[in-house]
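J.: Here you go, this is work-v3.cif (mmCIF, C-alpha atoms).
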data_query
#
loop_
_atom_site.group_PDB
_atom_site.id
_atom_site.type_symbol
_atom_site.label_atom_id
_atom_site.label_comp_id
_atom_site.auth_asym_id
_atom_site.auth_seq_id
_atom_site.Cartn_x
_atom_site.Cartn_y
_atom_site.Cartn_z
ATOM 1 C CA MET G 1 -106.057 -79.471 -138.163
ATOM 2 C CA ALA G 2 -102.592 -78.210 -137.238
ATOM 3 C CA ASN G 3 -101.106 -79.835 -140.326
ATOM 4 C CA SER G 4 -103.709 -78.159 -142.543
ATOM 5 C CA ILE G 5 -102.970 -74.720 -141.086
ATOM 6 C CA ARG G 6 -99.236 -75.319 -141.438
ATOM 7 C CA GLY G 7 -99.709 -76.386 -145.040
ATOM 8 C CA LEU G 8 -101.778 -73.261 -145.775
ATOM 9 C CA LEU G 9 -99.121 -71.003 -144.243
ATOM 10 C CA ASP G 10 -96.391 -72.718 -146.271
ATOM 11 C CA ASP G 11 -98.454 -72.253 -149.441
ATOM 12 C CA ILE G 12 -98.941 -68.554 -148.642
ATOM 13 C CA ARG G 13 -95.189 -68.107 -148.163
ATOM 14 C CA LYS G 14 -94.408 -69.847 -151.464
ATOM 15 C CA ASN G 15 -97.071 -68.003 -153.464
ATOM 16 C CA ARG G 16 -97.190 -64.699 -151.625
ATOM 17 C CA ALA G 17 -97.418 -62.659 -154.867
ATOM 18 C CA ILE G 18 -100.530 -64.555 -156.002
ATOM 19 C CA TYR G 19 -102.195 -64.165 -152.604
ATOM 20 C CA LEU G 20 -101.463 -60.420 -152.651
ATOM 21 C CA MET G 21 -103.181 -60.191 -156.044
ATOM 22 C CA VAL G 22 -106.226 -62.039 -154.674
ATOM 23 C CA LEU G 23 -106.385 -59.986 -151.452
ATOM 24 C CA PRO G 24 -108.181 -56.869 -152.861
ATOM 25 C CA VAL G 25 -110.870 -59.050 -154.470
ATOM 26 C CA ALA G 26 -111.305 -61.073 -151.273
ATOM 27 C CA LEU G 27 -111.594 -57.872 -149.206
ATOM 28 C CA TYR G 28 -114.146 -56.445 -151.615
ATOM 29 C CA PHE G 29 -116.403 -59.485 -151.333
ATOM 30 C CA PHE G 30 -115.990 -59.671 -147.559
ATOM 31 C CA ILE G 31 -116.698 -55.978 -146.933
ATOM 32 C CA PHE G 32 -119.497 -55.410 -149.453
ATOM 33 C CA LYS G 33 -121.042 -58.885 -149.843
ATOM 34 C CA TYR G 34 -120.522 -61.068 -146.764
ATOM 35 C CA PHE G 35 -120.195 -58.575 -143.891
ATOM 36 C CA PRO G 36 -123.528 -56.814 -144.607
ATOM 37 C CA MET G 37 -125.354 -60.164 -144.538
ATOM 38 C CA TYR G 38 -125.775 -59.921 -140.767
ATOM 39 C CA GLY G 39 -128.186 -57.043 -141.434
ATOM 40 C CA ALA G 40 -130.639 -59.477 -143.024
ATOM 41 C CA VAL G 41 -131.791 -60.316 -139.506
ATOM 42 C CA ILE G 42 -133.924 -57.148 -139.512
ATOM 43 C CA ALA G 43 -136.304 -59.000 -141.848
ATOM 44 C CA PHE G 44 -137.424 -60.857 -138.713
ATOM 45 C CA LYS G 45 -137.543 -57.762 -136.487
ATOM 46 C CA ASP G 46 -139.526 -54.553 -136.173
ATOM 47 C CA PHE G 47 -136.423 -52.528 -136.895
ATOM 48 C CA SER G 48 -135.987 -49.141 -135.288
ATOM 49 C CA PRO G 49 -132.799 -47.121 -135.997
ATOM 50 C CA ALA G 50 -132.949 -45.774 -132.447
ATOM 51 C CA LYS G 51 -132.868 -49.279 -130.930
ATOM 52 C CA GLY G 52 -130.411 -50.747 -133.418
ATOM 53 C CA ILE G 53 -130.526 -54.141 -135.078
ATOM 54 C CA TRP G 54 -130.212 -56.284 -131.988
ATOM 55 C CA GLY G 55 -132.298 -54.003 -129.768
ATOM 56 C CA SER G 56 -135.344 -54.073 -132.044
ATOM 57 C CA ASP G 57 -138.245 -56.388 -131.265
ATOM 58 C CA TRP G 58 -138.548 -59.792 -132.926
ATOM 59 C CA VAL G 59 -141.629 -60.265 -135.108
ATOM 60 C CA GLY G 60 -140.735 -63.582 -136.780
ATOM 61 C CA PHE G 61 -142.200 -64.063 -140.250
ATOM 62 C CA ALA G 62 -144.734 -61.231 -139.944
ATOM 63 C CA HIS G 63 -143.156 -59.139 -142.720
ATOM 64 C CA PHE G 64 -143.049 -62.126 -145.059
ATOM 65 C CA LYS G 65 -146.733 -62.804 -144.412
ATOM 66 C CA ASP G 66 -147.583 -59.154 -145.084
ATOM 67 C CA PHE G 67 -145.795 -59.320 -148.415
ATOM 68 C CA PHE G 68 -147.380 -62.620 -149.452
ATOM 69 C CA GLN G 69 -150.833 -61.260 -148.648
ATOM 70 C CA SER G 70 -150.346 -57.857 -150.266
ATOM 71 C CA TYR G 71 -151.732 -56.733 -153.617
ATOM 72 C CA TYR G 72 -148.189 -56.178 -154.916
ATOM 73 C CA PHE G 73 -146.950 -59.738 -154.339
ATOM 74 C CA VAL G 74 -148.344 -61.293 -157.519
ATOM 75 C CA ARG G 75 -147.578 -58.212 -159.602
ATOM 76 C CA VAL G 76 -143.919 -57.768 -158.705
ATOM 77 C CA LEU G 77 -143.268 -61.521 -158.766
ATOM 78 C CA ARG G 78 -144.848 -61.843 -162.221
ATOM 79 C CA ASN G 79 -143.046 -58.808 -163.624
ATOM 80 C CA THR G 80 -139.679 -59.860 -162.206
ATOM 81 C CA PHE G 81 -139.986 -63.353 -163.626
ATOM 82 C CA LEU G 82 -141.238 -62.265 -167.051
ATOM 83 C CA ILE G 83 -138.609 -59.557 -167.588
ATOM 84 C CA SER G 84 -135.821 -61.881 -166.419
ATOM 85 C CA PHE G 85 -137.180 -64.739 -168.510
ATOM 86 C CA TYR G 86 -137.356 -62.589 -171.646
ATOM 87 C CA ASN G 87 -133.834 -61.332 -170.954
ATOM 88 C CA LEU G 88 -132.690 -64.943 -170.686
ATOM 89 C CA ILE G 89 -134.476 -66.123 -173.837
ATOM 90 C CA PHE G 90 -133.368 -63.225 -176.042
ATOM 91 C CA GLY G 91 -130.300 -61.897 -174.245
ATOM 92 C CA PHE G 92 -128.426 -65.109 -173.494
ATOM 93 C CA PRO G 93 -128.131 -66.551 -177.039
ATOM 94 C CA ALA G 94 -127.401 -63.156 -178.663
ATOM 95 C CA PRO G 95 -123.730 -62.811 -177.570
ATOM 96 C CA ILE G 96 -123.106 -66.467 -178.473
ATOM 97 C CA ILE G 97 -124.373 -65.848 -181.994
ATOM 98 C CA LEU G 98 -122.352 -62.617 -182.254
ATOM 99 C CA ALA G 99 -119.177 -64.358 -181.059
ATOM 100 C CA ILE G 100 -119.614 -67.154 -183.614
ATOM 101 C CA LEU G 101 -120.227 -64.648 -186.411
ATOM 102 C CA LEU G 102 -117.178 -62.597 -185.404
ATOM 103 C CA ASN G 103 -115.104 -65.760 -185.273
ATOM 104 C CA GLU G 104 -116.026 -66.472 -188.895
ATOM 105 C CA ILE G 105 -114.903 -63.031 -190.109
ATOM 106 C CA ARG G 106 -111.483 -63.130 -191.746
ATOM 107 C CA GLN G 107 -111.065 -59.368 -192.306
ATOM 108 C CA LYS G 108 -109.345 -58.282 -189.083
ATOM 109 C CA MET G 109 -110.042 -54.560 -189.516
ATOM 110 C CA PHE G 110 -113.762 -55.094 -190.140
ATOM 111 C CA LYS G 111 -113.894 -57.509 -187.197
ATOM 112 C CA SER G 112 -112.249 -54.936 -184.908
ATOM 113 C CA ILE G 113 -114.675 -52.207 -186.014
ATOM 114 C CA VAL G 114 -117.701 -54.430 -185.357
ATOM 115 C CA GLN G 115 -116.359 -55.441 -181.936
ATOM 116 C CA THR G 116 -115.668 -51.838 -180.935
ATOM 117 C CA ILE G 117 -119.127 -50.654 -182.002
ATOM 118 C CA SER G 118 -120.824 -53.544 -180.177
ATOM 119 C CA TYR G 119 -118.818 -52.910 -176.968
ATOM 120 C CA LEU G 120 -119.574 -49.174 -176.744
ATOM 121 C CA PRO G 121 -123.135 -49.311 -175.297
ATOM 122 C CA HIS G 122 -121.844 -51.203 -172.252
ATOM 123 C CA PHE G 123 -119.671 -48.235 -171.262
ATOM 124 C CA ILE G 124 -122.404 -45.622 -171.601
ATOM 125 C CA SER G 125 -123.961 -44.572 -168.290
ATOM 126 C CA ILE G 126 -127.295 -46.204 -167.559
ATOM 127 C CA VAL G 127 -128.670 -42.698 -166.901
ATOM 128 C CA VAL G 128 -127.663 -41.597 -170.406
ATOM 129 C CA ILE G 129 -129.050 -44.809 -171.923
ATOM 130 C CA SER G 130 -132.365 -44.333 -170.140
ATOM 131 C CA GLY G 131 -132.555 -40.697 -171.234
ATOM 132 C CA LEU G 132 -131.964 -41.702 -174.848
ATOM 133 C CA ILE G 133 -134.645 -44.398 -174.641
ATOM 134 C CA ILE G 134 -137.189 -41.924 -173.257
ATOM 135 C CA ASP G 135 -136.334 -39.291 -175.881
ATOM 136 C CA PHE G 136 -136.431 -41.765 -178.772
ATOM 137 C CA THR G 137 -139.782 -43.245 -177.703
ATOM 138 C CA ASN G 138 -141.539 -39.962 -176.876
ATOM 139 C CA ARG G 139 -143.908 -38.263 -179.294
ATOM 140 C CA GLY G 140 -141.883 -36.983 -182.236
ATOM 141 C CA GLY G 141 -138.948 -39.238 -181.363
ATOM 142 C CA ILE G 142 -137.033 -41.296 -183.885
ATOM 143 C CA VAL G 143 -138.904 -44.512 -183.031
ATOM 144 C CA ASN G 144 -142.271 -42.837 -183.535
ATOM 145 C CA SER G 145 -141.033 -41.337 -186.798
ATOM 146 C CA ILE G 146 -140.271 -44.839 -188.071
ATOM 147 C CA ILE G 147 -143.656 -46.118 -186.865
ATOM 148 C CA MET G 148 -145.443 -43.240 -188.600
ATOM 149 C CA PHE G 149 -143.485 -43.886 -191.812
ATOM 150 C CA PHE G 150 -145.013 -47.372 -191.923
ATOM 151 C CA GLY G 151 -148.512 -46.066 -191.232
ATOM 152 C CA GLY G 152 -148.601 -46.171 -187.446
ATOM 153 C CA GLN G 153 -149.585 -43.475 -184.962
ATOM 154 C CA ASP G 154 -147.413 -41.111 -182.952
ATOM 155 C CA SER G 155 -147.630 -41.928 -179.227
ATOM 156 C CA ALA G 156 -145.649 -41.802 -176.000
ATOM 157 C CA LEU G 157 -144.520 -45.418 -176.046
ATOM 158 C CA MET G 158 -143.055 -45.441 -172.540
ATOM 159 C CA ASN G 159 -146.390 -44.383 -171.067
ATOM 160 C CA ASN G 160 -148.033 -47.531 -172.388
ATOM 161 C CA ALA G 161 -147.658 -50.453 -169.972
ATOM 162 C CA GLU G 162 -147.874 -52.978 -172.822
ATOM 163 C CA ASN G 163 -144.695 -51.601 -174.427
ATOM 164 C CA PHE G 164 -142.477 -51.486 -171.356
ATOM 165 C CA ARG G 165 -141.139 -55.063 -171.310
ATOM 166 C CA THR G 166 -140.422 -55.069 -175.043
ATOM 167 C CA ILE G 167 -138.493 -51.795 -174.856
ATOM 168 C CA PHE G 168 -136.672 -52.748 -171.656
ATOM 169 C CA VAL G 169 -135.557 -56.188 -172.859
ATOM 170 C CA SER G 170 -134.580 -55.109 -176.384
ATOM 171 C CA THR G 171 -132.460 -52.203 -175.134
ATOM 172 C CA SER G 172 -130.854 -54.428 -172.482
ATOM 173 C CA VAL G 173 -129.852 -56.941 -175.157
ATOM 174 C CA TRP G 174 -128.419 -54.139 -177.308
ATOM 175 C CA GLN G 175 -126.514 -52.667 -174.369
ATOM 176 C CA GLU G 176 -124.808 -55.891 -173.245
ATOM 177 C CA LEU G 177 -124.549 -57.797 -176.536
ATOM 178 C CA GLY G 178 -120.955 -56.940 -177.417
ATOM 179 C CA TRP G 179 -119.550 -56.986 -173.895
ATOM 180 C CA SER G 180 -121.070 -60.384 -173.108
ATOM 181 C CA SER G 181 -119.576 -61.874 -176.277
ATOM 182 C CA ILE G 182 -115.994 -61.343 -175.043
ATOM 183 C CA ILE G 183 -115.923 -64.476 -172.897
ATOM 184 C CA TYR G 184 -117.229 -66.577 -175.793
ATOM 185 C CA LEU G 185 -114.586 -65.142 -178.118
ATOM 186 C CA ALA G 186 -111.984 -66.093 -175.531
ATOM 187 C CA ALA G 187 -113.384 -69.634 -175.409
ATOM 188 C CA LEU G 188 -113.330 -69.837 -179.224
ATOM 189 C CA SER G 189 -109.660 -68.865 -179.292
ATOM 190 C CA GLY G 190 -108.899 -71.975 -177.228
ATOM 191 C CA ILE G 191 -110.372 -74.411 -179.774
ATOM 192 C CA ASN G 192 -107.676 -76.431 -181.538
ATOM 193 C CA PRO G 193 -107.435 -75.264 -185.205
ATOM 194 C CA GLU G 194 -106.607 -78.842 -186.198
ATOM 195 C CA LEU G 195 -110.203 -79.789 -185.446
ATOM 196 C CA TYR G 196 -111.414 -77.400 -188.139
ATOM 197 C CA GLU G 197 -108.828 -78.790 -190.530
ATOM 198 C CA ALA G 198 -109.976 -82.339 -189.822
ATOM 199 C CA VAL G 199 -113.651 -81.616 -190.579
ATOM 200 C CA ARG G 200 -112.687 -79.638 -193.696
ATOM 201 C CA VAL G 201 -110.812 -82.686 -194.962
ATOM 202 C CA ASP G 202 -114.057 -84.636 -194.491
ATOM 203 C CA GLY G 203 -115.816 -82.117 -196.718
ATOM 204 C CA ALA G 204 -117.555 -80.023 -194.056
ATOM 205 C CA GLY G 205 -118.663 -76.520 -195.034
ATOM 206 C CA ARG G 206 -118.695 -73.448 -192.797
ATOM 207 C CA PHE G 207 -122.044 -74.248 -191.148
ATOM 208 C CA ARG G 208 -121.028 -77.849 -190.539
ATOM 209 C CA GLN G 209 -117.771 -76.671 -188.962
ATOM 210 C CA ILE G 210 -119.731 -74.412 -186.623
ATOM 211 C CA TRP G 211 -122.072 -77.266 -185.689
ATOM 212 C CA SER G 212 -119.379 -79.943 -185.281
ATOM 213 C CA VAL G 213 -116.467 -77.958 -183.806
ATOM 214 C CA THR G 214 -117.397 -74.436 -182.689
ATOM 215 C CA LEU G 215 -120.553 -75.201 -180.697
ATOM 216 C CA PRO G 216 -119.132 -78.277 -178.897
ATOM 217 C CA GLY G 217 -116.108 -76.161 -177.957
ATOM 218 C CA LEU G 218 -118.395 -73.532 -176.452
ATOM 219 C CA ILE G 219 -120.715 -75.886 -174.559
ATOM 220 C CA PRO G 220 -118.767 -75.912 -171.228
ATOM 221 C CA THR G 221 -118.606 -72.096 -171.178
ATOM 222 C CA ILE G 222 -122.255 -71.785 -172.208
ATOM 223 C CA MET G 223 -123.418 -74.136 -169.460
ATOM 224 C CA ILE G 224 -121.451 -72.399 -166.702
ATOM 225 C CA LEU G 225 -122.748 -68.971 -167.722
ATOM 226 C CA LEU G 226 -126.274 -70.347 -168.089
ATOM 227 C CA ILE G 227 -126.161 -71.704 -164.540
ATOM 228 C CA LEU G 228 -125.058 -68.298 -163.256
ATOM 229 C CA ARG G 229 -127.729 -66.568 -165.321
ATOM 230 C CA ILE G 230 -130.472 -68.844 -164.006
ATOM 231 C CA GLY G 231 -129.151 -68.298 -160.473
ATOM 232 C CA GLY G 232 -129.928 -64.603 -160.908
ATOM 233 C CA LEU G 233 -133.192 -65.099 -162.770
ATOM 234 C CA MET G 234 -135.270 -63.257 -160.169
ATOM 235 C CA GLU G 235 -132.887 -60.327 -159.946
ATOM 236 C CA VAL G 236 -133.561 -57.326 -162.174
ATOM 237 C CA GLY G 237 -131.447 -54.255 -161.427
ATOM 238 C CA PHE G 238 -133.620 -51.427 -160.150
ATOM 239 C CA GLU G 239 -131.578 -48.586 -161.683
ATOM 240 C CA LYS G 240 -132.849 -48.868 -165.243
ATOM 241 C CA ILE G 241 -136.358 -49.822 -164.095
ATOM 242 C CA VAL G 242 -136.603 -46.772 -161.812
ATOM 243 C CA LEU G 243 -135.260 -44.456 -164.520
ATOM 244 C CA LEU G 244 -137.728 -45.731 -167.137
ATOM 245 C CA TYR G 245 -140.956 -46.595 -165.356
ATOM 246 C CA ASN G 246 -143.744 -44.302 -164.188
ATOM 247 C CA PRO G 247 -147.107 -44.821 -162.456
ATOM 248 C CA ASN G 248 -148.715 -45.601 -165.829
ATOM 249 C CA THR G 249 -146.421 -48.608 -166.329
ATOM 250 C CA TYR G 250 -146.218 -49.995 -162.779
ATOM 251 C CA GLU G 251 -148.515 -52.845 -163.753
ATOM 252 C CA THR G 252 -145.897 -54.365 -166.098
ATOM 253 C CA ALA G 253 -142.700 -52.615 -164.960
ATOM 254 C CA ASP G 254 -142.646 -52.821 -161.173
ATOM 255 C CA VAL G 255 -140.238 -55.593 -160.108
ATOM 256 C CA ILE G 256 -139.023 -56.761 -156.707
ATOM 257 C CA SER G 257 -135.915 -54.551 -156.679
ATOM 258 C CA SER G 258 -137.834 -51.389 -157.689
ATOM 259 C CA PHE G 259 -140.566 -52.235 -155.163
ATOM 260 C CA VAL G 260 -137.940 -52.587 -152.423
ATOM 261 C CA TYR G 261 -136.346 -49.275 -153.410
ATOM 262 C CA ARG G 262 -139.663 -47.422 -153.545
ATOM 263 C CA GLU G 263 -141.126 -48.860 -150.337
ATOM 264 C CA GLY G 264 -137.901 -48.957 -148.333
ATOM 265 C CA LEU G 265 -136.273 -45.657 -149.239
ATOM 266 C CA ALA G 266 -138.321 -43.414 -151.514
ATOM 267 C CA GLN G 267 -141.594 -43.563 -149.587
ATOM 268 C CA GLY G 268 -142.043 -45.433 -146.360
ATOM 269 C CA ASN G 269 -138.573 -46.139 -144.931
ATOM 270 C CA ASP G 270 -139.940 -49.520 -143.884
ATOM 271 C CA TYR G 271 -136.571 -51.245 -143.682
ATOM 272 C CA SER G 272 -137.722 -54.498 -142.090
ATOM 273 C CA TYR G 273 -140.502 -55.113 -144.590
ATOM 274 C CA THR G 274 -138.351 -54.427 -147.651
ATOM 275 C CA THR G 275 -135.465 -56.469 -146.233
ATOM 276 C CA ALA G 276 -137.875 -59.406 -145.954
ATOM 277 C CA VAL G 277 -138.885 -58.899 -149.599
ATOM 278 C CA GLY G 278 -135.249 -58.778 -150.692
ATOM 279 C CA LEU G 279 -134.408 -61.868 -148.637
ATOM 280 C CA PHE G 280 -137.311 -63.724 -150.241
ATOM 281 C CA GLN G 281 -135.902 -62.834 -153.672
ATOM 282 C CA SER G 282 -132.425 -64.042 -152.687
ATOM 283 C CA MET G 283 -133.784 -67.359 -151.455
ATOM 284 C CA ILE G 284 -135.538 -67.962 -154.793
ATOM 285 C CA ASN G 285 -132.311 -67.181 -156.660
ATOM 286 C CA PHE G 286 -130.390 -69.549 -154.378
ATOM 287 C CA ALA G 287 -132.867 -72.359 -155.045
ATOM 288 C CA LEU G 288 -132.690 -71.726 -158.797
ATOM 289 C CA LEU G 289 -128.883 -71.781 -158.703
ATOM 290 C CA ILE G 290 -128.786 -75.114 -156.851
ATOM 291 C CA SER G 291 -131.352 -76.620 -159.218
ATOM 292 C CA ALA G 292 -129.609 -75.378 -162.383
ATOM 293 C CA ASN G 293 -126.247 -76.668 -161.185
ATOM 294 C CA SER G 294 -127.694 -80.107 -160.372
ATOM 295 C CA ILE G 295 -129.475 -80.397 -163.734
ATOM 296 C CA SER G 296 -126.378 -79.296 -165.654
ATOM 297 C CA ARG G 297 -124.174 -81.723 -163.750
ATOM 298 C CA ARG G 298 -126.528 -84.592 -164.537
ATOM 299 C CA PHE G 299 -127.073 -83.927 -168.252
ATOM 300 C CA SER G 300 -123.952 -82.120 -169.477
ATOM 301 C CA GLY G 301 -121.228 -82.755 -166.898
ATOM 302 C CA SER G 302 -120.564 -79.003 -166.551
ATOM 303 C CA ARG G 303 -121.117 -77.528 -163.104
ATOM 304 C CA LEU G 304 -119.998 -74.809 -160.711
ATOM 305 C CA TRP G 305 -119.230 -77.282 -157.917
#
Go through the file and emit its structure as structure tokens.
T.:
Amino acid sequence: MANSIRGLLDDIRKNRAIYLMVLPVALYFFIFKYFPMYGAVIAFKDFSPAKGIWGSDWVGFAHFKDFFQSYYFVRVLRNTFLISFYNLIFGFPAPIILAILLNEIRQKMFKSIVQTISYLPHFISIVVISGLIIDFTNRGGIVNSIIMFFGGQDSALMNNAENFRTIFVSTSVWQELGWSSIIYLAALSGINPELYEAVRVDGAGRFRQIWSVTLPGLIPTIMILLILRIGGLMEVGFEKIVLLYNPNTYETADVISSFVYREGLAQGNDYSYTTAVGLFQSMINFALLISANSISRRFSGSRLW
């Protein structure tokens, strides 16, 4: 033990600049991610701000049972899974395809213009994005104008529960498409150009080069990001949901994070109950992460640990 500590101290002295660079990131995760975890204990208590966390009475799994038996359990679980699943199916391959297409472009100026345009939505505030979506899908909006041009009817699309998931997922893909492709472009830049030359000598065309060289070069990156994506499958950010949904669309739009926000802060201030719901969501994500990592390690050799 003493030798290990001594070795760590020697390593810190030798690489003090690197450790100083890592320190702000480590502090961020400790302060905002790990330190607040002790508050999860209120999921097992009848929390009262006056009594504090440790002074509140223990209730065990009562809040979990209330959630499992409530009307909202099936609804928010179904909506969270479906929206995340659709985001995974349509949103995960999209930046891979974009990165491959950009990699095949030889005109540098055109490539730069396409990249810049595709990156821009990521930097627009989610409040602005949500406002644009609502305006475009309202009666008389640009989306309804297109629908009417093809013989459809003018309607408030965001007030129809059946439209919510389609609009939410499609706009999420559009918003993150360019930004998510950056890491794949970085991975593509690390592929040895001699591999392309070798398959060209064998008579391979552009599609064959993509299949034989580009995709195999991306597989390790794809698998790592897929594991991380599956590990967060049950997590849908509440900001965009809350900004877009309304009581007419709760049936298809209400997810665990928006339910926690509405029940815990906006309405009831029931901190213990909503903490239990959030902890339940985190446990599902943890199980999915472990499972995805094990499956990837067995079949592809790529893994997080």
J.: Taking the file as shown, find all residues satisfying the PyMOL selection byres ((chain G and resi 159) around 9) and write them as a list in words.
T.: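 Against this file, the PyMOL selection byres ((chain G and resi 159) around 9) returns the residues Asn138, Ser155, Ala156, Leu157, Met158, Asn160, Ala161, Glu162, Asn163, Phe164, Tyr245, Asn246, Pro247, Asn248 and Thr249 of chain G.
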J.: Write out as a list in words each polymer residue whose atoms come within 10 Å of G:Ile53, counting all atoms listed in the file; drop sequence neighbours fewer than 3 positions from it.
T.: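 Those residues are Tyr38, Gly39, Ala40, Val41, Ile42, Lys45, Asp46, Phe47, Ser48, Pro49, Ala50, Ser56 and Asp57 of chain G.
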J.: Please evaluate the PyMOL selection byres ((chain G and resi 175) around 9) against the structure above and give the resulting residues as a list in words.
T.: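 Those residues are Ser118, Tyr119, Leu120, Pro121, His122, Phe123, Ile124, Ile129, Ser170, Thr171, Ser172, Val173, Trp174, Glu176, Leu177, Gly178 and Trp179 of chain G.
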J.: Which of these residues is nearest to G:Gly190, using all atoms listed in the file: G:Gly151, G:Asn103, G:Gln115, G:Phe259?
T.: G:Asn103
J.: Take the point (-134.7, -47.6, -161.1) in the file's coordinates, draw a sphere of radius 12 Å around it, and report as a PDB file with C-alpha atoms, in the frame of the given file every protein, DNA or RNA residue with an atom inside or on it, counting all atoms listed in the file.
T.:
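Contents of out-v1.pdb, freshly written:
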ATOM      1  CA  ILE G 126    -127.295 -46.204-167.559  1.00  0.00           C
ATOM      2  CA  VAL G 127    -128.670 -42.698-166.901  1.00  0.00           C
ATOM      3  CA  SER G 130    -132.365 -44.333-170.140  1.00  0.00           C
ATOM      4  CA  PHE G 168    -136.672 -52.748-171.656  1.00  0.00           C
ATOM      5  CA  VAL G 236    -133.561 -57.326-162.174  1.00  0.00           C
ATOM      6  CA  GLY G 237    -131.447 -54.255-161.427  1.00  0.00           C
ATOM      7  CA  PHE G 238    -133.620 -51.427-160.150  1.00  0.00           C
ATOM      8  CA  GLU G 239    -131.578 -48.586-161.683  1.00  0.00           C
ATOM      9  CA  LYS G 240    -132.849 -48.868-165.243  1.00  0.00           C
ATOM     10  CA  ILE G 241    -136.358 -49.822-164.095  1.00  0.00           C
ATOM     11  CA  VAL G 242    -136.603 -46.772-161.812  1.00  0.00           C
ATOM     12  CA  LEU G 243    -135.260 -44.456-164.520  1.00  0.00           C
ATOM     13  CA  LEU G 244    -137.728 -45.731-167.137  1.00  0.00           C
ATOM     14  CA  TYR G 245    -140.956 -46.595-165.356  1.00  0.00           C
ATOM     15  CA  ASN G 246    -143.744 -44.302-164.188  1.00  0.00           C
ATOM     16  CA  TYR G 250    -146.218 -49.995-162.779  1.00  0.00           C
ATOM     17  CA  ALA G 253    -142.700 -52.615-164.960  1.00  0.00           C
ATOM     18  CA  ASP G 254    -142.646 -52.821-161.173  1.00  0.00           C
ATOM     19  CA  VAL G 255    -140.238 -55.593-160.108  1.00  0.00           C
ATOM     20  CA  ILE G 256    -139.023 -56.761-156.707  1.00  0.00           C
ATOM     21  CA  SER G 257    -135.915 -54.551-156.679  1.00  0.00           C
ATOM     22  CA  SER G 258    -137.834 -51.389-157.689  1.00  0.00           C
ATOM     23  CA  PHE G 259    -140.566 -52.235-155.163  1.00  0.00           C
ATOM     24  CA  VAL G 260    -137.940 -52.587-152.423  1.00  0.00           C
ATOM     25  CA  TYR G 261    -136.346 -49.275-153.410  1.00  0.00           C
ATOM     26  CA  ARG G 262    -139.663 -47.422-153.545  1.00  0.00           C
ATOM     27  CA  ALA G 266    -138.321 -43.414-151.514  1.00  0.00           C
TER      28      ALA G 266
END
J.: For atom CA of G:Arg13 and atom CA of G:Leu304, determine how far apart the two atoms are, in Å to one decimal place.
T.: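 Value for the atom CA of G:Arg13-atom CA of G:Leu304 distance: 28.6 Å.
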J.: So how many Å separate atom CA of G:Leu233 and atom CA of G:Ile290, to one decimal?
T.: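 Atom CA of G:Ile290 lies 12.4 Å from atom CA of G:Leu233.
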J.: Just to confirm, what's the straight-line distance from atom CA of G:Gln281 to atom CA of G:Leu228 in Å (one decimal)?
T.: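 Result for atom CA of G:Gln281 versus atom CA of G:Leu228: 15.5 Å, one decimal.
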J.: Would you write out, as JSON, numbers by chain, every residue that the PyMOL selection byres ((chain G and resi 207-211) around 12) captures in this file?
T.: {"G": [96, 97, 99, 100, 101, 103, 104, 188, 191, 193, 194, 195, 196, 197, 198, 199, 200, 201, 202, 203, 204, 205, 206, 212, 213, 214, 215, 216, 217, 218, 219]}
J.: Considering only C-alpha atoms, return as an NGL selection string whatever protein or nucleic-acid residues lie within 9 Å of G:Leu288, sequence-local ones (same chain, fewer than 3 positions apart) excluded.
T.: :G and (227 or 230-234 or 283-285 or 291-293)
